[in-house]
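> For reference, the structure I am asking about is given below.
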Amino acid sequence: MRSYNPDLTPPWKRSAPVPEVPAEVDLVVEEVSTGFCGGVIRCEAGTVTLEDRFGKHRVFPMEPRGFLLEGKVVTLTRPSAAPTRPTRTASGSVAVPGARARVARAGRIYVEGRHDAELVERVWGDDLRIEGVVVEYLEGIDDLPAIVADFAPAADARLGILVDHLVPGSKESRIAAQVSSPDVLIVGHPYIDVWEAVKPSSVGIAAWPVIPRGEDWKTGVCRSLGWPQNTGAAWQHILSKVRTYKDLEPSLLGRVEELIDFVTAP
């Protein structure tokens with residue numbers, strides 16, 4: 001005889017079922033007991049790792065009714081679909097699975113700072129390795145004419161240079177004008193710092209703040225946005241939000257593509 005165990009809990013005390021939502025990467029949720037809010041960056045072994053807007057990571061168990069999604073209680077589940085091989089690189093180029101890095105060219109791309117180099121690597125790294133293009137960063141461009149002369153550019157060793165705040169009348173534009181060679185291409189973006197080349201929406205802000213002249217720009221940005229005044233940590237947070245070319249402003253995209261084309265031209 002089959003046993004029968006009825007649920008004797010009164011209907012008004014029963015928990016209503018809640019939606020089950022796969023913990024896909026970039027899904028933004030809030031953990032109910034702590035209020036920690038962040039995007040999913042990893043899901044494994046019954047846990048989910050969230051990253052908040054400051055780049056802080058927290059690991060939580062995926063318990064039933066454990067999270068809020070757009071203000072509504074949900075149960076996170078492990079995504080069932082296996083990850084698929086990307087068909088595009090972060091720059092939007094067609095991905096070449098299994099492609100080996102090409103032997104480095106004699107030509108180079110120089111960028112004005114470590115953050116610039118890290119951003120270029122994040123978006124164009126796959127393309128640059130296939131093309132054999134090495135990106136190096138400069139600690140400022142005050143000595144740019146001497147740096148170019150030391151590199152000794154030639155038809156088979158072209159030099160491309162990306163400069164911050166390259167606008168008419170700026171110090172950077174005056175220095176760049178001192179370099180004249182058919183084997184050197186100097187381009188730039190209009191921003192004071194490459195941070196601004198990341199779209200505000202990708203970082204989760206309305207706009208990059210305007211910092212008074214004379215104040216350290218990066219420190220001022222952190223202060224204005226209410227971030228801890230640790231510019232290194234702030235940059236890592238910003239960089240973590242850049243996943244493809246769509247997270248960057250067109251004024252930077254075009255200039256980097258221009259440099260790659262220049263140094264790889266036959």
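Here, A, B, ... name the chains of the structure tokens in the order displayed, residue numbers run from 1 inside each chain, and ligands are numbered from 1 in the same displayed order.
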Just the residues within 8 Å of Trp227 of chain A, please, counting only C-alpha atoms, with nothing from its chain fewer than 5 positions along; format it as a list of chain:residue names.
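Selected residues are A:Phe54, A:Cys222, A:Ala234.
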> I need the residues of segment 125-234 of chain A that end up classed as strand (DSSP E) by DSSP on the backbone, written out as a list in words.
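Of segment 125-234 of chain A, the ones in strand (DSSP E) are Val134, Val135, Glu136, Tyr137, Leu159, Gly160, Ile161, Leu162, Val163, Val184, Leu185, Ile186, Val187 and Gly188 of chain A.
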> Work out how far apart atom CA of Val103 of chain A and atom CA of Leu253 of chain A are and give it in Å to one decimal.
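A separation of 24.8 Å between them.
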> What is the distance, in Å and to one decimal place, between atom CA of Ser240 of chain A and atom CA of Gly55 of chain A?
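Atom-to-atom, atom CA of Ser240 of chain A to atom CA of Gly55 of chain A, that is 7.6 Å.
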> Return the single residue from A:Val179, A:Leu166, A:Lys171, A:Arg243 that is closest to Tyr191 of chain A, with distances computed using only C-alpha atoms.
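Nearest candidate to Tyr191 of chain A out of A:Val179, A:Leu166, A:Lys171, A:Arg243: A:Leu166.
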> A:Ala152, A:Gly232, A:Leu138, A:Lys246: which is nearest Thr89 of chain A, counting only C-alpha atoms?
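Once distances to Thr89 of chain A are computed over only C-alpha atoms, the minimum belongs to A:Lys246.
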